[in-house]
2 protein chains.
Amino acid sequence: MATTRTPKPREGAQELHRAGLKATLPRLKILHMLESGEHPHLSAEEVYQRLRNTGEDVGLATVYRVLTQFVDAGLVIRHHFEGDRMVFEMDAGGHHDHMMCVKCGKVFEFHDPAIEERQRQVAERAGFVMEEHALYLYGVCEGMKKSGKCSKK
Amino acid sequence: MATTRTPKPREGAQELHRAGLKATLPRLKILHMLESGEHPHLSAEEVYQRLRNTGEDVGLATVYRVLTQFVDAGLVIRHHFEGDRMVFEMDAGGHHDHMMCVKCGKVFEFHDPAIEERQRQVAERAGFVMEEHALYLYGVCEGMKKSGKCSKK
DNA sequence: CCGGTAACTGAAAATCAATCTCAAATGAAA
DNA sequence: TTTCATTTGAGATTGATTTTCAGTTACCGG
């Protein structure tokens, strides 16, 4: 009766196994954090800090390793914002590009089929087989335009 | 009469002064290298190496400093290719985006007014004041598709 | 043409993000 | 459980870029 095994998040385990990864604690924790959607875009450092703040004991190296594995497994997408450290985000399927506020770091997402199509055409015209693209817009978000302070970040 | 490149770049001095910078040897050398257009996209390391190969005696730190000053002065544009080191290019005025071969590193330039316009619209719709954007396409260039070897890089 | 002075430079040290190393810990399968 | 390959954490390492600082150099005034 007292089969009280650790009452842990068995949910994510499936996902990890499907990806060919053992369902270890660090991996489950990180997967959870990204899936929660509370902070869709996180750097390795940020993931690390948040885990620590929650009292978890994971190494920074592990965070980097795991995030890279998630990217390789197609679970997560990695972004390289201008000059910034890299940030990670769950791959929810629907492709989208990003717009970042240079004042507060807030990130907006958007998708524009017309732009996508033009990109394809441009690549083709140049004799390229396009594999991927990175489109980032930088500017000042509504909140920062006036108030000078932004809710996010 | 030979209107070719001035062997001793006294020309650049004007440009530097206009930018509020003293016309020092390292700066003139670097400006010249970028202006020559022989290699439109160069990393700090590459600029440094090329200078050394020409027998010039400049420090790597100086190359980095000068390039950053040029960027701040609006003379040069800095790019951050996916995960790569940053590369610099003269700001010739006409804006353009880049397409890079993931096999050989060759860089193509292109400009698509339609894409630019859509970007502006997207930003506006999101309440952003767009300041800049970065659009990079990655793929396999014509040369690499077949031969497996590319003239460039 | 000749200083004086602030700007500039090179070399070495410092930073910073990201990766690697390796012994210890852990997951999963028998 | 027992085993064994995988995974982890801490710290060392790398590689790019930045900073520090003492020694130059460019440029303005005389």
# chains A, B, ... in the order shown; residues from 1 in each chain; ligands from 1
>>> calpha_fit_and_write(fixed="chain A", moving="chain B", output="short mmCIF file (atom, residue, chain, number, x, y, z; two decimals) with N, CA and C atoms, in the first residue's frame")
data_model
loop_
_atom_site.label_atom_id
_atom_site.label_comp_id
_atom_site.auth_asym_id
_atom_site.auth_seq_id
_atom_site.Cartn_x
_atom_site.Cartn_y
_atom_site.Cartn_z
N MET B 1 -10.99 15.86 -9.98
CA MET B 1 -9.68 15.59 -9.40
C MET B 1 -8.62 16.50 -10.01
N ALA B 2 -7.65 16.78 -9.24
CA ALA B 2 -6.66 17.77 -9.66
C ALA B 2 -5.77 17.28 -10.80
N THR B 3 -6.06 17.75 -11.98
CA THR B 3 -5.23 17.38 -13.14
C THR B 3 -4.11 18.39 -13.32
N THR B 4 -3.74 19.01 -12.22
CA THR B 4 -2.71 20.06 -12.31
C THR B 4 -1.32 19.46 -12.55
N ARG B 5 -0.33 20.33 -12.53
CA ARG B 5 1.04 19.91 -12.80
C ARG B 5 1.49 18.83 -11.82
N THR B 6 2.15 17.87 -12.34
CA THR B 6 2.70 16.82 -11.49
C THR B 6 3.84 17.42 -10.68
N PRO B 7 3.78 17.28 -9.39
CA PRO B 7 4.85 17.83 -8.56
C PRO B 7 6.18 17.15 -8.87
N LYS B 8 6.12 15.87 -9.06
CA LYS B 8 7.33 15.12 -9.41
C LYS B 8 7.25 14.79 -10.90
N PRO B 9 8.02 15.49 -11.71
CA PRO B 9 7.91 15.34 -13.16
C PRO B 9 8.37 13.99 -13.69
N ARG B 10 7.53 12.99 -13.57
CA ARG B 10 7.88 11.69 -14.13
C ARG B 10 7.49 11.64 -15.61
N GLU B 11 6.67 12.64 -15.93
CA GLU B 11 6.16 12.70 -17.29
C GLU B 11 7.29 12.88 -18.30
N GLY B 12 8.12 13.85 -18.04
CA GLY B 12 9.15 14.22 -18.98
C GLY B 12 10.07 13.07 -19.38
N ALA B 13 10.16 12.07 -18.55
CA ALA B 13 11.06 10.94 -18.84
C ALA B 13 10.80 10.36 -20.22
N GLN B 14 9.54 10.20 -20.53
CA GLN B 14 9.14 9.68 -21.83
C GLN B 14 9.78 10.52 -22.94
N GLU B 15 9.54 11.81 -22.84
CA GLU B 15 10.03 12.75 -23.84
C GLU B 15 11.53 12.62 -24.03
N LEU B 16 12.23 12.53 -22.91
CA LEU B 16 13.68 12.46 -22.97
C LEU B 16 14.13 11.16 -23.63
N HIS B 17 13.51 10.07 -23.23
CA HIS B 17 13.89 8.78 -23.81
C HIS B 17 13.65 8.77 -25.31
N ARG B 18 12.52 9.32 -25.67
CA ARG B 18 12.20 9.39 -27.09
C ARG B 18 13.29 10.17 -27.83
N ALA B 19 13.88 11.12 -27.14
CA ALA B 19 14.92 11.95 -27.77
C ALA B 19 16.29 11.29 -27.66
N GLY B 20 16.30 10.10 -27.06
CA GLY B 20 17.57 9.38 -26.94
C GLY B 20 18.44 9.88 -25.81
N LEU B 21 17.80 10.44 -24.79
CA LEU B 21 18.55 10.97 -23.66
C LEU B 21 18.12 10.28 -22.37
N LYS B 22 19.06 10.03 -21.51
CA LYS B 22 18.71 9.43 -20.22
C LYS B 22 17.90 10.43 -19.42
N ALA B 23 16.95 9.89 -18.67
CA ALA B 23 16.09 10.78 -17.88
C ALA B 23 16.75 11.12 -16.56
N THR B 24 17.67 12.04 -16.58
CA THR B 24 18.37 12.43 -15.36
C THR B 24 17.66 13.59 -14.69
N LEU B 25 17.98 13.78 -13.43
CA LEU B 25 17.33 14.84 -12.66
C LEU B 25 17.51 16.21 -13.31
N PRO B 26 18.73 16.62 -13.60
CA PRO B 26 18.91 17.96 -14.18
C PRO B 26 18.07 18.13 -15.44
N ARG B 27 18.08 17.13 -16.28
CA ARG B 27 17.34 17.24 -17.53
C ARG B 27 15.84 17.37 -17.28
N LEU B 28 15.33 16.59 -16.36
CA LEU B 28 13.91 16.67 -16.07
C LEU B 28 13.55 18.04 -15.51
N LYS B 29 14.38 18.54 -14.63
CA LYS B 29 14.13 19.85 -14.03
C LYS B 29 14.07 20.94 -15.09
N ILE B 30 15.07 20.91 -15.97
CA ILE B 30 15.15 21.95 -17.00
C ILE B 30 13.99 21.84 -17.98
N LEU B 31 13.71 20.61 -18.38
CA LEU B 31 12.60 20.39 -19.31
C LEU B 31 11.32 20.93 -18.71
N HIS B 32 11.15 20.63 -17.46
CA HIS B 32 9.94 21.04 -16.77
C HIS B 32 9.81 22.55 -16.72
N MET B 33 10.91 23.19 -16.38
CA MET B 33 10.89 24.65 -16.30
C MET B 33 10.48 25.27 -17.63
N LEU B 34 11.01 24.75 -18.70
CA LEU B 34 10.68 25.30 -20.01
C LEU B 34 9.24 24.97 -20.41
N GLU B 35 8.81 23.77 -20.03
CA GLU B 35 7.47 23.35 -20.41
C GLU B 35 6.39 24.09 -19.63
N SER B 36 6.73 24.49 -18.42
CA SER B 36 5.73 25.15 -17.58
C SER B 36 5.14 26.36 -18.29
N GLY B 37 5.92 26.96 -19.16
CA GLY B 37 5.40 28.08 -19.93
C GLY B 37 5.30 29.37 -19.14
N GLU B 38 5.71 29.32 -17.88
CA GLU B 38 5.64 30.52 -17.07
C GLU B 38 6.56 31.60 -17.62
N HIS B 39 7.73 31.17 -18.03
CA HIS B 39 8.69 32.07 -18.67
C HIS B 39 9.15 31.40 -19.96
N PRO B 40 8.47 31.72 -21.03
CA PRO B 40 8.71 30.99 -22.28
C PRO B 40 10.12 31.20 -22.84
N HIS B 41 10.72 32.34 -22.55
CA HIS B 41 12.05 32.62 -23.10
C HIS B 41 13.06 32.79 -21.98
N LEU B 42 14.00 31.88 -21.91
CA LEU B 42 14.99 31.93 -20.83
C LEU B 42 16.40 31.74 -21.37
N SER B 43 17.33 32.47 -20.78
CA SER B 43 18.73 32.27 -21.12
C SER B 43 19.27 31.15 -20.22
N ALA B 44 20.42 30.63 -20.57
CA ALA B 44 21.02 29.57 -19.76
C ALA B 44 21.22 30.06 -18.33
N GLU B 45 21.72 31.27 -18.21
CA GLU B 45 21.92 31.87 -16.90
C GLU B 45 20.63 31.90 -16.10
N GLU B 46 19.57 32.34 -16.75
CA GLU B 46 18.29 32.45 -16.07
C GLU B 46 17.80 31.08 -15.62
N VAL B 47 17.93 30.08 -16.46
CA VAL B 47 17.52 28.74 -16.07
C VAL B 47 18.32 28.32 -14.85
N TYR B 48 19.60 28.58 -14.92
CA TYR B 48 20.50 28.23 -13.82
C TYR B 48 20.08 28.90 -12.52
N GLN B 49 19.88 30.21 -12.59
CA GLN B 49 19.47 30.97 -11.40
C GLN B 49 18.17 30.46 -10.81
N ARG B 50 17.21 30.22 -11.68
CA ARG B 50 15.91 29.76 -11.20
C ARG B 50 16.02 28.42 -10.50
N LEU B 51 16.86 27.55 -11.03
CA LEU B 51 17.04 26.25 -10.40
C LEU B 51 17.65 26.42 -9.01
N ARG B 52 18.66 27.27 -8.93
CA ARG B 52 19.32 27.50 -7.64
C ARG B 52 18.32 28.05 -6.64
N ASN B 53 17.54 29.03 -7.07
CA ASN B 53 16.55 29.64 -6.20
C ASN B 53 15.56 28.62 -5.68
N THR B 54 15.39 27.54 -6.43
CA THR B 54 14.47 26.49 -6.00
C THR B 54 15.23 25.48 -5.15
N GLY B 55 16.48 25.80 -4.85
CA GLY B 55 17.25 24.91 -4.01
C GLY B 55 17.88 23.75 -4.76
N GLU B 56 17.70 23.71 -6.06
CA GLU B 56 18.28 22.62 -6.84
C GLU B 56 19.79 22.81 -6.95
N ASP B 57 20.49 21.71 -7.09
CA ASP B 57 21.94 21.80 -7.18
C ASP B 57 22.42 21.31 -8.55
N VAL B 58 22.37 22.21 -9.52
CA VAL B 58 22.85 21.88 -10.86
C VAL B 58 23.95 22.86 -11.23
N GLY B 59 24.86 22.39 -12.04
CA GLY B 59 25.96 23.26 -12.45
C GLY B 59 25.58 24.05 -13.69
N LEU B 60 26.20 25.20 -13.84
CA LEU B 60 25.90 26.03 -15.00
C LEU B 60 26.29 25.28 -16.27
N ALA B 61 27.40 24.59 -16.22
CA ALA B 61 27.86 23.83 -17.39
C ALA B 61 26.80 22.83 -17.81
N THR B 62 26.19 22.19 -16.84
CA THR B 62 25.16 21.21 -17.15
C THR B 62 23.97 21.88 -17.82
N VAL B 63 23.61 23.04 -17.34
CA VAL B 63 22.48 23.75 -17.95
C VAL B 63 22.78 24.01 -19.41
N TYR B 64 23.95 24.52 -19.69
CA TYR B 64 24.34 24.78 -21.08
C TYR B 64 24.31 23.49 -21.89
N ARG B 65 24.91 22.46 -21.35
CA ARG B 65 24.96 21.17 -22.06
C ARG B 65 23.57 20.67 -22.37
N VAL B 66 22.75 20.63 -21.36
CA VAL B 66 21.40 20.09 -21.52
C VAL B 66 20.58 20.90 -22.53
N LEU B 67 20.68 22.20 -22.42
CA LEU B 67 19.92 23.03 -23.36
C LEU B 67 20.36 22.75 -24.79
N THR B 68 21.65 22.63 -24.99
CA THR B 68 22.16 22.33 -26.32
C THR B 68 21.65 20.97 -26.80
N GLN B 69 21.64 20.00 -25.90
CA GLN B 69 21.13 18.67 -26.27
C GLN B 69 19.67 18.76 -26.66
N PHE B 70 18.92 19.52 -25.91
CA PHE B 70 17.49 19.68 -26.22
C PHE B 70 17.31 20.30 -27.59
N VAL B 71 18.15 21.26 -27.90
CA VAL B 71 18.06 21.90 -29.21
C VAL B 71 18.37 20.87 -30.30
N ASP B 72 19.45 20.12 -30.08
CA ASP B 72 19.83 19.12 -31.07
C ASP B 72 18.74 18.07 -31.24
N ALA B 73 18.04 17.80 -30.15
CA ALA B 73 16.99 16.78 -30.19
C ALA B 73 15.70 17.33 -30.76
N GLY B 74 15.68 18.62 -31.03
CA GLY B 74 14.48 19.22 -31.61
C GLY B 74 13.40 19.53 -30.58
N LEU B 75 13.74 19.43 -29.30
CA LEU B 75 12.75 19.73 -28.26
C LEU B 75 12.65 21.22 -28.02
N VAL B 76 13.76 21.88 -28.22
CA VAL B 76 13.85 23.29 -27.85
C VAL B 76 14.43 24.11 -29.01
N ILE B 77 14.06 25.38 -29.04
CA ILE B 77 14.57 26.29 -30.06
C ILE B 77 15.49 27.31 -29.40
N ARG B 78 16.56 27.62 -30.10
CA ARG B 78 17.50 28.59 -29.56
C ARG B 78 17.41 29.89 -30.35
N HIS B 79 17.34 31.00 -29.65
CA HIS B 79 17.30 32.29 -30.32
C HIS B 79 18.53 33.11 -30.00
N HIS B 80 18.91 33.95 -30.95
CA HIS B 80 20.02 34.88 -30.73
C HIS B 80 19.50 36.29 -30.91
N PHE B 81 19.01 36.87 -29.85
CA PHE B 81 18.54 38.23 -29.96
C PHE B 81 19.73 39.16 -30.14
N GLU B 82 19.48 40.22 -30.87
CA GLU B 82 20.52 41.20 -31.22
C GLU B 82 21.53 41.43 -30.10
N GLY B 83 22.74 40.98 -30.36
CA GLY B 83 23.82 41.26 -29.43
C GLY B 83 23.68 40.62 -28.07
N ASP B 84 22.52 40.10 -27.79
CA ASP B 84 22.26 39.55 -26.47
C ASP B 84 22.74 38.12 -26.34
N ARG B 85 22.67 37.61 -25.15
CA ARG B 85 22.96 36.22 -24.91
C ARG B 85 21.87 35.41 -25.60
N MET B 86 22.09 34.11 -25.74
CA MET B 86 21.06 33.32 -26.40
C MET B 86 19.96 32.94 -25.43
N VAL B 87 18.78 32.80 -25.95
CA VAL B 87 17.65 32.41 -25.11
C VAL B 87 17.00 31.16 -25.71
N PHE B 88 16.37 30.38 -24.82
CA PHE B 88 15.78 29.12 -25.24
C PHE B 88 14.28 29.12 -25.00
N GLU B 89 13.63 28.29 -25.76
CA GLU B 89 12.17 28.23 -25.71
C GLU B 89 11.73 26.86 -26.19
N MET B 90 10.71 26.28 -25.56
CA MET B 90 10.19 24.98 -26.00
C MET B 90 9.75 25.09 -27.45
N ASP B 91 9.98 24.03 -28.19
CA ASP B 91 9.49 24.01 -29.56
C ASP B 91 8.08 23.45 -29.55
N ALA B 92 7.12 24.35 -29.52
CA ALA B 92 5.73 23.92 -29.42
C ALA B 92 5.14 23.57 -30.78
N GLY B 93 5.96 23.57 -31.77
CA GLY B 93 5.47 23.21 -33.09
C GLY B 93 5.15 24.40 -33.95
N GLY B 94 4.18 25.18 -33.53
CA GLY B 94 3.79 26.34 -34.32
C GLY B 94 4.90 27.37 -34.43
N HIS B 95 5.38 27.58 -35.64
CA HIS B 95 6.47 28.52 -35.82
C HIS B 95 6.00 29.96 -35.61
N HIS B 96 6.88 30.76 -35.04
CA HIS B 96 6.55 32.17 -34.86
C HIS B 96 7.83 33.00 -34.79
N ASP B 97 7.69 34.27 -35.03
CA ASP B 97 8.83 35.18 -34.93
C ASP B 97 8.69 36.02 -33.67
N HIS B 98 9.66 36.88 -33.44
CA HIS B 98 9.67 37.62 -32.18
C HIS B 98 9.85 39.12 -32.34
N MET B 99 9.24 39.80 -31.41
CA MET B 99 9.38 41.24 -31.34
C MET B 99 9.78 41.57 -29.92
N MET B 100 10.84 42.33 -29.77
CA MET B 100 11.36 42.58 -28.44
C MET B 100 11.40 44.07 -28.12
N CYS B 101 10.99 44.40 -26.91
CA CYS B 101 11.04 45.79 -26.48
C CYS B 101 12.46 46.15 -26.08
N VAL B 102 13.01 47.17 -26.71
CA VAL B 102 14.39 47.54 -26.42
C VAL B 102 14.52 48.24 -25.08
N LYS B 103 13.41 48.62 -24.50
CA LYS B 103 13.46 49.31 -23.20
C LYS B 103 13.39 48.30 -22.05
N CYS B 104 12.46 47.37 -22.18
CA CYS B 104 12.24 46.49 -21.03
C CYS B 104 12.55 45.03 -21.32
N GLY B 105 12.86 44.70 -22.55
CA GLY B 105 13.24 43.33 -22.84
C GLY B 105 12.08 42.38 -23.04
N LYS B 106 10.88 42.88 -22.86
CA LYS B 106 9.70 42.05 -23.04
C LYS B 106 9.65 41.48 -24.45
N VAL B 107 9.24 40.24 -24.55
CA VAL B 107 9.21 39.60 -25.86
C VAL B 107 7.79 39.24 -26.28
N PHE B 108 7.41 39.67 -27.46
CA PHE B 108 6.11 39.31 -28.02
C PHE B 108 6.34 38.33 -29.16
N GLU B 109 5.38 37.49 -29.38
CA GLU B 109 5.50 36.54 -30.48
C GLU B 109 4.45 36.87 -31.53
N PHE B 110 4.78 36.57 -32.75
CA PHE B 110 3.79 36.77 -33.80
C PHE B 110 4.07 35.81 -34.95
N HIS B 111 3.08 35.67 -35.77
CA HIS B 111 3.26 34.80 -36.94
C HIS B 111 2.56 35.46 -38.11
N ASP B 112 3.25 35.59 -39.21
CA ASP B 112 2.66 36.22 -40.38
C ASP B 112 2.93 35.38 -41.63
N PRO B 113 1.92 34.65 -42.05
CA PRO B 113 2.06 33.76 -43.20
C PRO B 113 2.53 34.49 -44.45
N ALA B 114 2.09 35.72 -44.60
CA ALA B 114 2.47 36.48 -45.79
C ALA B 114 3.98 36.69 -45.82
N ILE B 115 4.53 37.04 -44.69
CA ILE B 115 5.98 37.26 -44.62
C ILE B 115 6.71 35.95 -44.91
N GLU B 116 6.21 34.89 -44.31
CA GLU B 116 6.84 33.57 -44.52
C GLU B 116 6.89 33.25 -46.01
N GLU B 117 5.77 33.48 -46.64
CA GLU B 117 5.67 33.15 -48.05
C GLU B 117 6.66 33.96 -48.89
N ARG B 118 6.73 35.25 -48.61
CA ARG B 118 7.66 36.11 -49.35
C ARG B 118 9.09 35.63 -49.15
N GLN B 119 9.40 35.24 -47.96
CA GLN B 119 10.75 34.77 -47.67
C GLN B 119 11.07 33.57 -48.55
N ARG B 120 10.12 32.67 -48.62
CA ARG B 120 10.32 31.47 -49.41
C ARG B 120 10.61 31.87 -50.87
N GLN B 121 9.83 32.80 -51.35
CA GLN B 121 9.99 33.25 -52.73
C GLN B 121 11.35 33.90 -52.96
N VAL B 122 11.72 34.76 -52.03
CA VAL B 122 13.01 35.45 -52.16
C VAL B 122 14.14 34.43 -52.23
N ALA B 123 14.10 33.46 -51.34
CA ALA B 123 15.15 32.45 -51.29
C ALA B 123 15.19 31.67 -52.60
N GLU B 124 14.05 31.27 -53.05
CA GLU B 124 13.96 30.49 -54.27
C GLU B 124 14.53 31.26 -55.45
N ARG B 125 14.14 32.53 -55.53
CA ARG B 125 14.60 33.37 -56.62
C ARG B 125 16.13 33.49 -56.62
N ALA B 126 16.72 33.40 -55.44
CA ALA B 126 18.17 33.55 -55.35
C ALA B 126 18.87 32.20 -55.49
N GLY B 127 18.08 31.15 -55.74
CA GLY B 127 18.68 29.83 -55.92
C GLY B 127 19.07 29.16 -54.61
N PHE B 128 18.48 29.62 -53.53
CA PHE B 128 18.78 29.04 -52.22
C PHE B 128 17.78 27.96 -51.84
N VAL B 129 18.25 26.99 -51.08
CA VAL B 129 17.36 26.06 -50.41
C VAL B 129 17.30 26.56 -48.98
N MET B 130 16.22 27.22 -48.63
CA MET B 130 16.16 27.83 -47.32
C MET B 130 16.03 26.78 -46.24
N GLU B 131 16.81 26.90 -45.20
CA GLU B 131 16.74 25.94 -44.11
C GLU B 131 16.07 26.57 -42.89
N GLU B 132 16.39 27.81 -42.66
CA GLU B 132 15.70 28.48 -41.56
C GLU B 132 15.83 29.97 -41.72
N HIS B 133 15.14 30.67 -40.88
CA HIS B 133 15.22 32.12 -40.96
C HIS B 133 15.07 32.71 -39.58
N ALA B 134 15.53 33.92 -39.44
CA ALA B 134 15.43 34.60 -38.16
C ALA B 134 14.88 35.99 -38.42
N LEU B 135 13.75 36.26 -37.85
CA LEU B 135 13.15 37.59 -38.00
C LEU B 135 12.86 38.17 -36.63
N TYR B 136 13.57 39.23 -36.32
CA TYR B 136 13.37 39.87 -35.04
C TYR B 136 13.05 41.34 -35.26
N LEU B 137 12.02 41.79 -34.59
CA LEU B 137 11.69 43.21 -34.65
C LEU B 137 12.05 43.82 -33.29
N TYR B 138 12.58 45.02 -33.33
CA TYR B 138 12.94 45.69 -32.10
C TYR B 138 12.24 47.04 -32.04
N GLY B 139 11.74 47.36 -30.89
CA GLY B 139 11.04 48.63 -30.76
C GLY B 139 10.66 48.90 -29.32
N VAL B 140 9.76 49.84 -29.14
CA VAL B 140 9.32 50.20 -27.80
C VAL B 140 7.89 49.72 -27.62
N CYS B 141 7.66 48.95 -26.59
CA CYS B 141 6.33 48.38 -26.36
C CYS B 141 5.39 49.43 -25.77
N GLU B 142 4.13 49.11 -25.84
CA GLU B 142 3.09 50.02 -25.38
C GLU B 142 3.36 50.52 -23.96
N GLY B 143 3.63 49.58 -23.09
CA GLY B 143 3.85 49.93 -21.70
C GLY B 143 4.94 50.96 -21.48
N MET B 144 6.02 50.83 -22.26
CA MET B 144 7.17 51.71 -22.07
C MET B 144 6.96 53.07 -22.72
N LYS B 145 6.08 53.12 -23.69
CA LYS B 145 5.88 54.37 -24.41
C LYS B 145 5.49 55.48 -23.46
N LYS B 146 4.60 55.18 -22.54
CA LYS B 146 4.12 56.18 -21.60
C LYS B 146 4.74 56.02 -20.22
N SER B 147 4.31 54.98 -19.53
CA SER B 147 4.72 54.81 -18.13
C SER B 147 6.22 54.80 -17.92
N GLY B 148 6.95 54.38 -18.93
CA GLY B 148 8.38 54.31 -18.72
C GLY B 148 8.77 53.09 -17.91
N LYS B 149 7.74 52.41 -17.42
CA LYS B 149 8.06 51.17 -16.71
C LYS B 149 7.17 50.05 -17.22
N CYS B 150 7.73 48.89 -17.28
CA CYS B 150 7.04 47.76 -17.86
C CYS B 150 6.91 46.66 -16.83
N SER B 151 5.80 45.97 -16.91
CA SER B 151 5.55 44.90 -15.94
C SER B 151 6.61 43.81 -16.04
N LYS B 152 6.98 43.53 -17.27
CA LYS B 152 7.88 42.40 -17.49
C LYS B 152 9.36 42.70 -17.24
N LYS B 153 10.07 41.66 -16.96
CA LYS B 153 11.53 41.69 -16.80
C LYS B 153 11.97 42.72 -15.78
#
>>> select_by_dssp(residues="region 55-136 of chain B", states="strand (DSSP E or B)", output="MDAnalysis selection string")
chainID B and resid 76:80 86:90 97:101 107:110 129:136
>>> closest_atom_pairs(of="chain C", to="region 9-21 of chain D", cutoff="9 Å", atoms="only C-alpha atoms (C1' of nucleotides)", output="Markdown table")
| residue | atom | partner | partner_atom | distance |
| --- | --- | --- | --- | --- |
| C:DA12 | C1' | D:DT20 | C1' | 9.0 |
| C:DA13 | C1' | D:DT20 | C1' | 7.7 |
| C:DA14 | C1' | D:DT19 | C1' | 6.8 |
| C:DT15 | C1' | D:DT18 | C1' | 7.1 |
| C:DC16 | C1' | D:DT17 | C1' | 8.6 |
| C:DA18 | C1' | D:DT14 | C1' | 8.7 |
| C:DT19 | C1' | D:DT14 | C1' | 7.4 |
| C:DC20 | C1' | D:DT13 | C1' | 7.0 |
| C:DT21 | C1' | D:DA12 | C1' | 7.8 |
>>> select_by_dssp(residues="chain A", states="alpha helix (DSSP H)", output="PyMOL selection string")
chain A and resi 11-18+25-36+44-53+60-72+113-125+142-146
>>> write_last_selection(atoms="C-alpha atoms", output="CSV table (one decimal), in the first residue's frame")
chain,number,residue,atom,x,y,z
A,11,GLU,CA,3.9,14.1,-17.4
A,12,GLY,CA,7.0,15.4,-19.0
A,13,ALA,CA,8.7,12.0,-18.8
A,14,GLN,CA,6.8,10.9,-21.9
A,15,GLU,CA,7.9,13.8,-23.9
A,16,LEU,CA,11.5,13.2,-22.9
A,17,HIS,CA,11.4,9.5,-23.7
A,18,ARG,CA,9.9,10.2,-27.0
A,25,LEU,CA,15.1,15.6,-12.5
A,26,PRO,CA,17.0,18.5,-14.1
A,27,ARG,CA,15.5,17.8,-17.5
A,28,LEU,CA,12.0,17.6,-16.1
A,29,LYS,CA,12.4,20.8,-14.1
A,30,ILE,CA,13.7,22.7,-17.1
A,31,LEU,CA,11.1,21.3,-19.5
A,32,HIS,CA,8.4,22.3,-17.0
A,33,MET,CA,9.7,25.8,-16.7
A,34,LEU,CA,9.7,26.4,-20.4
A,35,GLU,CA,6.3,24.7,-20.8
A,36,SER,CA,4.7,26.8,-18.1
A,44,ALA,CA,20.4,29.7,-19.9
A,45,GLU,CA,21.4,32.0,-17.1
A,46,GLU,CA,17.8,32.9,-16.4
A,47,VAL,CA,16.7,29.3,-16.3
A,48,TYR,CA,19.5,28.6,-14.0
A,49,GLN,CA,18.7,31.5,-11.6
A,50,ARG,CA,15.0,30.6,-11.5
A,51,LEU,CA,15.8,27.0,-10.6
A,52,ARG,CA,18.1,28.2,-7.8
A,53,ASN,CA,15.5,30.6,-6.5
A,60,LEU,CA,24.8,25.9,-14.9
A,61,ALA,CA,26.6,23.4,-17.2
A,62,THR,CA,23.6,21.1,-16.9
A,63,VAL,CA,21.2,23.8,-17.9
A,64,TYR,CA,23.3,24.6,-21.0
A,65,ARG,CA,23.6,20.9,-21.8
A,66,VAL,CA,19.9,20.1,-21.4
A,67,LEU,CA,18.8,23.1,-23.4
A,68,THR,CA,21.0,22.1,-26.2
A,69,GLN,CA,19.6,18.6,-26.1
A,70,PHE,CA,16.1,20.0,-26.2
A,71,VAL,CA,17.0,22.0,-29.2
A,72,ASP,CA,18.5,19.0,-31.0
A,113,PRO,CA,3.1,34.9,-44.4
A,114,ALA,CA,3.8,37.5,-46.9
A,115,ILE,CA,7.3,38.1,-45.6
A,116,GLU,CA,7.9,34.4,-45.4
A,117,GLU,CA,7.0,34.0,-49.0
A,118,ARG,CA,9.2,36.8,-50.2
A,119,GLN,CA,12.1,35.3,-48.3
A,120,ARG,CA,11.6,32.1,-50.1
A,121,GLN,CA,11.5,33.9,-53.4
A,122,VAL,CA,14.6,35.9,-52.7
A,123,ALA,CA,16.6,32.8,-51.7
A,124,GLU,CA,15.4,30.9,-54.8
A,125,ARG,CA,16.4,33.8,-57.1
A,142,GLU,CA,4.2,51.2,-26.5
A,143,GLY,CA,4.8,51.1,-22.8
A,144,MET,CA,8.2,52.6,-23.0
A,145,LYS,CA,7.3,55.3,-25.4
A,146,LYS,CA,5.5,57.3,-22.7
>>> atom_distance(atom1="C1' of DA22 (chain D)", atom2="C1' of DC1 (chain C)")
28.5 Å
>>> decode(residues="region 103-116 of chain B", atoms="C-alpha atoms", output="PDB file, in the first residue's frame")
ATOM      1  CA  LYS B 103      28.418  25.290 -45.874  1.00  0.00           C
ATOM      2  CA  CYS B 104      30.995  27.772 -47.008  1.00  0.00           C
ATOM      3  CA  GLY B 105      30.176  30.975 -45.172  1.00  0.00           C
ATOM      4  CA  LYS B 106      29.768  32.957 -48.352  1.00  0.00           C
ATOM      5  CA  VAL B 107      27.580  35.992 -47.884  1.00  0.00           C
ATOM      6  CA  PHE B 108      25.118  37.354 -50.420  1.00  0.00           C
ATOM      7  CA  GLU B 109      23.332  40.639 -50.085  1.00  0.00           C
ATOM      8  CA  PHE B 110      19.837  41.470 -51.130  1.00  0.00           C
ATOM      9  CA  HIS B 111      17.223  44.112 -50.719  1.00  0.00           C
ATOM     10  CA  ASP B 112      13.499  43.597 -50.873  1.00  0.00           C
ATOM     11  CA  PRO B 113      11.297  46.669 -50.506  1.00  0.00           C
ATOM     12  CA  ALA B 114       8.222  44.523 -50.051  1.00  0.00           C
ATOM     13  CA  ILE B 115       9.675  42.822 -47.012  1.00  0.00           C
ATOM     14  CA  GLU B 116      10.790  46.151 -45.597  1.00  0.00           C
TER      15      GLU B 116
END
